[in-house]
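Structure data (compact mmCIF, C-alpha atoms) from query.txt:
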```
# COMPACT_ATOMS: atom_id res chain seq x y z
CA MET A 14 39.23 47.08 54.45
CA SER A 15 42.65 48.37 55.55
CA SER A 16 43.56 52.06 55.65
CA HIS A 17 45.95 51.45 52.74
CA GLN A 18 43.16 49.94 50.68
CA ASN A 19 40.85 52.82 51.57
CA ASP A 20 43.53 55.31 50.55
CA THR A 21 44.05 53.56 47.22
CA LYS A 22 40.31 53.46 46.58
CA SER A 23 40.01 57.18 47.33
CA ARG A 24 42.89 57.95 44.95
CA ILE A 25 41.20 55.89 42.24
CA LEU A 26 37.93 57.79 42.66
CA GLU A 27 39.62 61.20 42.76
CA THR A 28 41.71 60.37 39.70
CA THR A 29 38.69 59.13 37.75
CA TRP A 30 36.87 62.35 38.62
CA GLN A 31 39.81 64.44 37.38
CA LEU A 32 40.20 62.46 34.17
CA LEU A 33 36.52 62.70 33.34
CA GLU A 34 36.48 66.46 33.89
CA SER A 35 39.59 66.87 31.72
CA GLY A 36 37.38 66.35 28.69
CA ASP A 37 38.89 63.09 27.48
CA LYS A 38 35.96 61.11 26.07
CA ALA A 39 37.77 57.78 26.23
CA VAL A 40 38.76 57.30 29.86
CA ARG A 41 39.73 53.63 30.03
CA MET A 42 40.56 51.48 33.03
CA SER A 43 44.17 51.37 31.84
CA ASP A 44 44.28 55.21 31.76
CA ILE A 45 42.97 55.37 35.32
CA ALA A 46 45.37 52.73 36.61
CA LYS A 47 48.33 54.52 35.02
CA ALA A 48 47.31 57.89 36.46
CA VAL A 49 46.88 56.39 39.94
CA GLY A 50 50.18 54.52 39.69
CA ILE A 51 48.82 51.02 40.11
CA SER A 52 48.40 48.02 37.83
CA ARG A 53 45.17 47.27 36.00
CA GLN A 54 44.90 44.11 38.07
CA ALA A 55 45.06 46.16 41.27
CA LEU A 56 42.41 48.51 39.93
CA TYR A 57 40.08 45.60 39.20
CA LEU A 58 40.48 44.37 42.78
CA HIS A 59 38.78 47.59 43.93
CA PHE A 60 36.30 47.92 41.06
CA PRO A 61 35.40 44.73 39.14
CA ASN A 62 34.34 46.70 36.06
CA ARG A 63 34.32 50.19 34.62
CA ALA A 64 30.58 50.62 35.14
CA ASP A 65 30.98 50.12 38.89
CA LEU A 66 33.84 52.61 38.94
CA LEU A 67 31.93 55.33 37.09
CA VAL A 68 28.88 54.97 39.33
CA ALA A 69 31.11 54.95 42.41
CA THR A 70 32.80 58.13 41.18
CA THR A 71 29.53 60.05 40.92
CA ARG A 72 28.59 58.91 44.43
CA HIS A 73 32.06 59.85 45.68
CA ILE A 74 31.52 63.35 44.32
CA ASP A 75 28.24 63.51 46.25
CA ARG A 76 30.03 62.58 49.46
CA VAL A 77 32.82 65.09 48.91
CA LYS A 78 30.29 67.85 48.24
CA ASN A 79 28.10 66.90 51.24
CA VAL A 80 24.93 66.17 49.31
CA ASP A 81 23.19 64.72 52.37
CA GLU A 82 23.77 67.97 54.24
CA ARG A 83 22.44 69.96 51.28
CA LEU A 84 19.30 67.81 51.19
CA ALA A 85 18.67 67.95 54.94
CA PRO A 86 16.35 71.01 54.76
CA SER A 87 14.20 69.25 52.15
CA ARG A 88 14.03 66.00 54.09
CA SER A 89 13.09 67.76 57.33
CA ALA A 90 10.67 70.26 55.78
CA GLY A 91 7.44 70.91 57.65
CA SER A 92 5.21 71.03 54.57
CA GLY A 93 5.06 69.79 51.02
CA LEU A 94 5.68 73.26 49.60
CA GLU A 95 8.71 73.73 51.84
CA ARG A 96 10.03 70.36 50.74
CA LEU A 97 9.52 71.20 47.08
CA ASN A 98 11.31 74.53 47.32
CA ALA A 99 14.13 73.18 49.50
CA PHE A 100 14.76 70.35 47.04
CA ILE A 101 14.79 72.74 44.10
CA GLU A 102 17.28 74.96 45.94
CA ALA A 103 19.53 72.02 46.76
CA TRP A 104 19.62 70.52 43.26
CA THR A 105 19.76 73.75 41.24
CA GLY A 106 22.57 74.96 43.49
CA TYR A 107 24.42 71.68 42.95
CA ILE A 108 24.25 71.69 39.15
CA PRO A 109 27.06 74.25 38.63
CA GLU A 110 29.36 72.22 40.86
CA ILE A 111 28.90 68.93 39.02
CA HIS A 112 28.47 70.39 35.55
CA GLY A 113 31.91 69.26 34.42
CA ILE A 114 31.29 65.62 35.29
CA SER A 115 27.80 65.81 33.76
CA VAL A 116 29.22 67.09 30.47
CA ALA A 117 31.78 64.28 30.42
CA LEU A 118 29.30 61.49 31.11
CA ARG A 119 26.63 62.85 28.77
CA SER A 120 29.13 63.29 25.93
CA MET A 121 30.19 59.67 26.33
CA ARG A 122 26.81 58.02 26.80
CA ASP A 123 25.78 57.58 23.14
CA ASN A 124 28.72 55.27 22.50
CA ASP A 125 29.53 54.19 26.04
CA GLN A 126 26.88 52.24 27.92
CA GLU A 127 28.88 52.31 31.16
CA ALA A 128 29.00 56.12 31.13
CA ALA A 129 25.29 56.19 30.30
CA ASN A 130 24.60 53.94 33.30
CA ALA A 131 26.59 56.23 35.59
CA TRP A 132 24.68 59.32 34.45
CA ASP A 133 21.34 57.48 34.63
CA ASP A 134 22.18 56.49 38.22
CA ARG A 135 22.64 60.16 39.06
CA MET A 136 19.38 61.13 37.35
CA ARG A 137 17.46 58.39 39.17
CA ALA A 138 18.59 59.94 42.43
CA VAL A 139 17.26 63.33 41.32
CA ARG A 140 13.98 61.75 40.26
CA HIS A 141 13.71 60.11 43.68
CA GLY A 142 13.94 63.56 45.27
CA CYS A 143 11.31 64.90 42.88
CA ALA A 144 8.98 62.01 43.75
CA ALA A 145 9.40 62.64 47.48
CA ALA A 146 8.44 66.31 47.08
CA VAL A 147 5.41 65.40 44.97
CA ARG A 148 4.28 62.79 47.52
CA ALA A 149 4.49 65.38 50.27
CA LEU A 150 2.27 67.75 48.28
CA ALA A 151 -0.19 64.97 47.50
CA ALA A 152 -0.37 63.88 51.15
CA GLU A 153 -1.50 67.39 52.09
CA GLY A 154 -4.02 67.60 49.25
CA ARG A 155 -1.99 70.35 47.60
CA LEU A 156 -1.11 68.55 44.37
CA THR A 157 -3.14 69.71 41.37
CA ALA A 158 -5.89 67.34 40.29
CA GLU A 159 -4.73 67.78 36.68
CA LEU A 160 -1.70 65.55 37.24
CA THR A 161 -1.14 62.14 38.73
CA GLU A 162 1.79 61.80 41.12
CA GLU A 163 3.75 60.05 38.37
CA GLU A 164 3.03 62.82 35.87
CA ALA A 165 3.89 65.50 38.42
CA THR A 166 7.20 63.75 39.14
CA ASP A 167 7.91 63.59 35.40
CA LEU A 168 7.25 67.30 35.04
CA LEU A 169 9.35 68.35 38.02
CA TRP A 170 12.21 66.09 36.89
CA MET A 171 12.11 67.73 33.46
CA LEU A 172 12.17 71.24 34.96
CA LEU A 173 15.27 70.34 36.98
CA SER A 174 17.26 68.87 34.09
CA VAL A 175 20.85 69.94 33.61
CA GLU A 176 19.99 70.74 30.00
CA ASN A 177 17.47 73.39 31.12
CA TRP A 178 20.09 74.94 33.41
CA GLU A 179 22.57 75.04 30.52
CA CYS A 180 20.04 76.70 28.24
CA LEU A 181 19.08 79.46 30.68
CA VAL A 182 22.31 80.08 32.60
CA ARG A 183 25.00 79.23 30.05
CA ALA A 184 23.29 80.07 26.76
CA CYS A 185 20.92 82.86 27.80
CA GLY A 186 23.04 84.43 30.53
CA TRP A 187 20.59 84.15 33.41
CA SER A 188 21.99 84.51 36.91
CA GLN A 189 21.90 81.47 39.17
CA SER A 190 19.42 83.16 41.50
CA GLN A 191 17.14 84.14 38.60
CA TYR A 192 17.18 80.58 37.32
CA MET A 193 16.46 79.15 40.78
CA ASP A 194 13.59 81.52 41.55
CA THR A 195 12.00 81.07 38.15
CA THR A 196 12.22 77.30 38.45
CA LYS A 197 10.53 77.45 41.84
CA GLY A 198 7.75 79.61 40.41
CA LEU A 199 7.22 77.31 37.43
CA ALA A 200 7.11 74.26 39.70
CA GLU A 201 4.55 75.86 42.00
CA ARG A 202 2.30 76.96 39.15
CA ALA A 203 2.49 73.53 37.53
CA LEU A 204 2.10 71.34 40.60
CA LEU A 205 0.04 73.16 43.22
CA ALA A 206 -3.73 73.05 43.43
CA GLY A 207 -5.13 76.58 43.21
CA PRO A 208 -3.08 79.76 42.71
CA ALA A 209 0.66 79.58 43.26
CA ILE A 210 2.19 81.30 46.23
CA ALA A 211 3.32 84.85 45.45
CA ARG A 212 7.06 85.33 45.79
CA SER A 213 9.22 88.42 45.83
CA PRO A 214 12.38 88.31 43.67
CA ALA A 215 14.57 87.92 46.75
CA ASP A 216 12.75 84.89 48.18
CA GLY A 217 14.72 81.69 48.13
CA VAL A 218 18.03 83.27 47.11
CA ALA A 219 20.89 81.75 49.03
```

Could you take the file, read its structure, and then write that structure out as structure tokens?
Amino acid sequence: MSSHQNDTKSRILETTWQLLESGDKAVRMSDIAKAVGISRQALYLHFPNRADLLVATTRHIDRVKNVDERLAPSRSAGSGLERLNAFIEAWTGYIPEIHGISVALRSMRDNDQEAANAWDDRMRAVRHGCAAAVRALAAEGRLTAELTEEEATDLLWMLLSVENWECLVRACGWSQSQYMDTTKGLAERALLAGPAIARSPADGVA
């Protein structure tokens, strides 16, 4: 792909991101093409359909915000507990930065299957990270016998939902650090075999 094509594709992704975060619930391909300054036909050359474009936009946001770098401590962790806590830190710290796009996609999903697919793609990635942390605990014999790996992944995924962050931080006024530390504690108590590791209030705060 030529540098001109790459530049156009980047402008399409950036523009889609901006339009979604503007709060308009009906971001159409024609709206995006007009905002970028290209024809609809040119837009479809880069993205054959709107579903592909919305998914590509969420992944573009991940690249811009260096998600791989944020996840590196989790992926290189020396123990299952370290991996669990590092993943929780990475995702809970990321939620405030992508909250705008999450609100846009979630508000559209009931009547917009393409938006629903884009948000589901993002949530599958989070679940994959949850599953990796649970597998690491299980491999060390540290996962509670009360839960299967699948059930433990379900539970951790639920704890890390954007909706829970909104409830505690936005609605209840919790600080980001309080939310993060409490989520870590809940995850440990729910997933670990035996007593959870004691933590001081300052542990894990970025």

Could the residues of range 80-112 of chain A that have an atom at most 9 Å from range 127-149 of chain A be listed as a Markdown table, each with its closest atom pair and the distance in Å to one decimal, counting only C-alpha atoms and ordered by chain and ascending residue number?
```
| residue | atom | partner | partner_atom | distance |
| --- | --- | --- | --- | --- |
| A:Ser87 | CA | A:Ala146 | CA | 8.2 |
| A:Arg88 | CA | A:Ala145 | CA | 8.7 |
| A:Ser92 | CA | A:Ala149 | CA | 7.1 |
| A:Gly93 | CA | A:Ala149 | CA | 4.5 |
| A:Leu94 | CA | A:Ala146 | CA | 7.9 |
| A:Glu95 | CA | A:Ala146 | CA | 8.8 |
| A:Arg96 | CA | A:Ala146 | CA | 5.7 |
| A:Leu97 | CA | A:Ala146 | CA | 5.0 |
| A:Asn98 | CA | A:Ala146 | CA | 8.7 |
| A:Phe100 | CA | A:Gly142 | CA | 7.1 |
| A:Ile101 | CA | A:Cys143 | CA | 8.7 |
| A:Trp104 | CA | A:Val139 | CA | 7.8 |
```

Please report the interatomic distance between CA of Trp178 in chain A and CA of Ala117 in chain A in Å with one decimal.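 Going from CA of Trp178 in chain A over to CA of Ala117 in chain A, I get 16.1 Å.
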
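Within 10 Å of Ala200 in chain A, once all atoms listed in the file are used and residues closer than 5 positions along the same chain are dropped, the contacting residues are Leu97, Asn98, Ile101, Ala165, Leu168, Leu169, Leu172, Leu173, Asp194, Thr195, Leu205 and Ala209 of chain A.
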
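From CA of Met171 in chain A back to CA of Arg76 in chain A, the distance works out to 24.6 Å.
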
CA of Cys185 in chain A to CA of Glu34 in chain A: how many Å, to one decimal? 23.4 Å

Could you give me the centre and size, in Å to one decimal, of an axis-aligned box around all listed atoms of range 152-161 of chain A with 3 Å added on every side, as AutoDock Vina command-line options?
```
--center_x -3.1 --center_y 66.2 --center_z 44.4 --size_x 11.5 --size_y 14.2 --size_z 21.4
```

Please identify all polymer residues within 12 Å of Glu159 in chain A, counting all atoms listed in the file, omitting same-chain residues fewer than 6 positions from it, and present them as a PyMOL selection string. chain A and resi 165+202-207

Export C-alpha atoms of the chosen residues as a CSV table (one decimal), keeping the file's coordinate frame?
```csv
chain,number,residue,atom,x,y,z
A,165,ALA,CA,3.9,65.5,38.4
A,202,ARG,CA,2.3,77.0,39.2
A,203,ALA,CA,2.5,73.5,37.5
A,204,LEU,CA,2.1,71.3,40.6
A,205,LEU,CA,0.0,73.2,43.2
A,206,ALA,CA,-3.7,73.0,43.4
A,207,GLY,CA,-5.1,76.6,43.2
```

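Shortest atom-to-atom contact with Lys197 in chain A among A:Leu118, A:Ala90, A:Val77, A:Ala103: A:Ala103, counting all atoms listed in the file.
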
Kindly indicate which residue among A:Thr105, A:Asn19, A:Thr70, A:Asn124 lies nearest to Glu176 in chain A, using all atoms listed in the file for the distances.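 For Glu176 in chain A, the nearest of the given residues is A:Thr105.
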
Can you patch up range 101-114 of chain A, filling it in to N, CA, C and O atoms, and show the result as a PDB file, keeping the file's coordinate frame?
```pdb
ATOM      1  N   ILE A 101      14.394  71.959  45.280  1.00  0.00           N
ATOM      2  CA  ILE A 101      14.790  72.740  44.100  1.00  0.00           C
ATOM      3  C   ILE A 101      16.046  73.553  44.406  1.00  0.00           C
ATOM      4  O   ILE A 101      16.977  73.621  43.589  1.00  0.00           O
ATOM      5  N   GLU A 102      16.094  74.179  45.566  1.00  0.00           N
ATOM      6  CA  GLU A 102      17.280  74.960  45.940  1.00  0.00           C
ATOM      7  C   GLU A 102      18.523  74.074  45.997  1.00  0.00           C
ATOM      8  O   GLU A 102      19.590  74.446  45.492  1.00  0.00           O
ATOM      9  N   ALA A 103      18.373  72.906  46.599  1.00  0.00           N
ATOM     10  CA  ALA A 103      19.530  72.020  46.760  1.00  0.00           C
ATOM     11  C   ALA A 103      20.051  71.554  45.405  1.00  0.00           C
ATOM     12  O   ALA A 103      21.259  71.621  45.138  1.00  0.00           O
ATOM     13  N   TRP A 104      19.165  71.081  44.535  1.00  0.00           N
ATOM     14  CA  TRP A 104      19.620  70.520  43.260  1.00  0.00           C
ATOM     15  C   TRP A 104      20.100  71.611  42.297  1.00  0.00           C
ATOM     16  O   TRP A 104      21.150  71.484  41.674  1.00  0.00           O
ATOM     17  N   THR A 105      19.338  72.712  42.179  1.00  0.00           N
ATOM     18  CA  THR A 105      19.760  73.750  41.240  1.00  0.00           C
ATOM     19  C   THR A 105      21.074  74.399  41.697  1.00  0.00           C
ATOM     20  O   THR A 105      21.872  74.834  40.866  1.00  0.00           O
ATOM     21  N   GLY A 106      21.300  74.432  43.004  1.00  0.00           N
ATOM     22  CA  GLY A 106      22.570  74.960  43.490  1.00  0.00           C
ATOM     23  C   GLY A 106      23.727  74.003  43.284  1.00  0.00           C
ATOM     24  O   GLY A 106      24.891  74.409  43.235  1.00  0.00           O
ATOM     25  N   TYR A 107      23.404  72.718  43.133  1.00  0.00           N
ATOM     26  CA  TYR A 107      24.420  71.680  42.950  1.00  0.00           C
ATOM     27  C   TYR A 107      24.854  71.559  41.486  1.00  0.00           C
ATOM     28  O   TYR A 107      26.003  71.190  41.197  1.00  0.00           O
ATOM     29  N   ILE A 108      23.953  71.865  40.572  1.00  0.00           N
ATOM     30  CA  ILE A 108      24.250  71.690  39.150  1.00  0.00           C
ATOM     31  C   ILE A 108      25.556  72.361  38.723  1.00  0.00           C
ATOM     32  O   ILE A 108      26.383  71.719  38.055  1.00  0.00           O
ATOM     33  N   PRO A 109      25.808  73.640  39.078  1.00  0.00           N
ATOM     34  CA  PRO A 109      27.060  74.250  38.630  1.00  0.00           C
ATOM     35  C   PRO A 109      28.306  73.526  39.128  1.00  0.00           C
ATOM     36  O   PRO A 109      29.348  73.544  38.467  1.00  0.00           O
ATOM     37  N   GLU A 110      28.198  72.878  40.274  1.00  0.00           N
ATOM     38  CA  GLU A 110      29.360  72.220  40.860  1.00  0.00           C
ATOM     39  C   GLU A 110      29.667  70.868  40.231  1.00  0.00           C
ATOM     40  O   GLU A 110      30.812  70.408  40.275  1.00  0.00           O
ATOM     41  N   ILE A 111      28.666  70.231  39.654  1.00  0.00           N
ATOM     42  CA  ILE A 111      28.900  68.930  39.020  1.00  0.00           C
ATOM     43  C   ILE A 111      28.719  69.016  37.506  1.00  0.00           C
ATOM     44  O   ILE A 111      28.635  67.988  36.821  1.00  0.00           O
ATOM     45  N   HIS A 112      28.710  70.238  36.982  1.00  0.00           N
ATOM     46  CA  HIS A 112      28.470  70.390  35.550  1.00  0.00           C
ATOM     47  C   HIS A 112      29.562  69.725  34.724  1.00  0.00           C
ATOM     48  O   HIS A 112      29.284  69.108  33.698  1.00  0.00           O
ATOM     49  N   GLY A 113      30.813  69.849  35.172  1.00  0.00           N
ATOM     50  CA  GLY A 113      31.910  69.260  34.420  1.00  0.00           C
ATOM     51  C   GLY A 113      31.756  67.758  34.263  1.00  0.00           C
ATOM     52  O   GLY A 113      31.908  67.207  33.163  1.00  0.00           O
ATOM     53  N   ILE A 114      31.448  67.072  35.359  1.00  0.00           N
ATOM     54  CA  ILE A 114      31.290  65.620  35.290  1.00  0.00           C
ATOM     55  C   ILE A 114      30.049  65.265  34.483  1.00  0.00           C
ATOM     56  O   ILE A 114      30.023  64.250  33.766  1.00  0.00           O
TER      57      ILE A 114
END
```
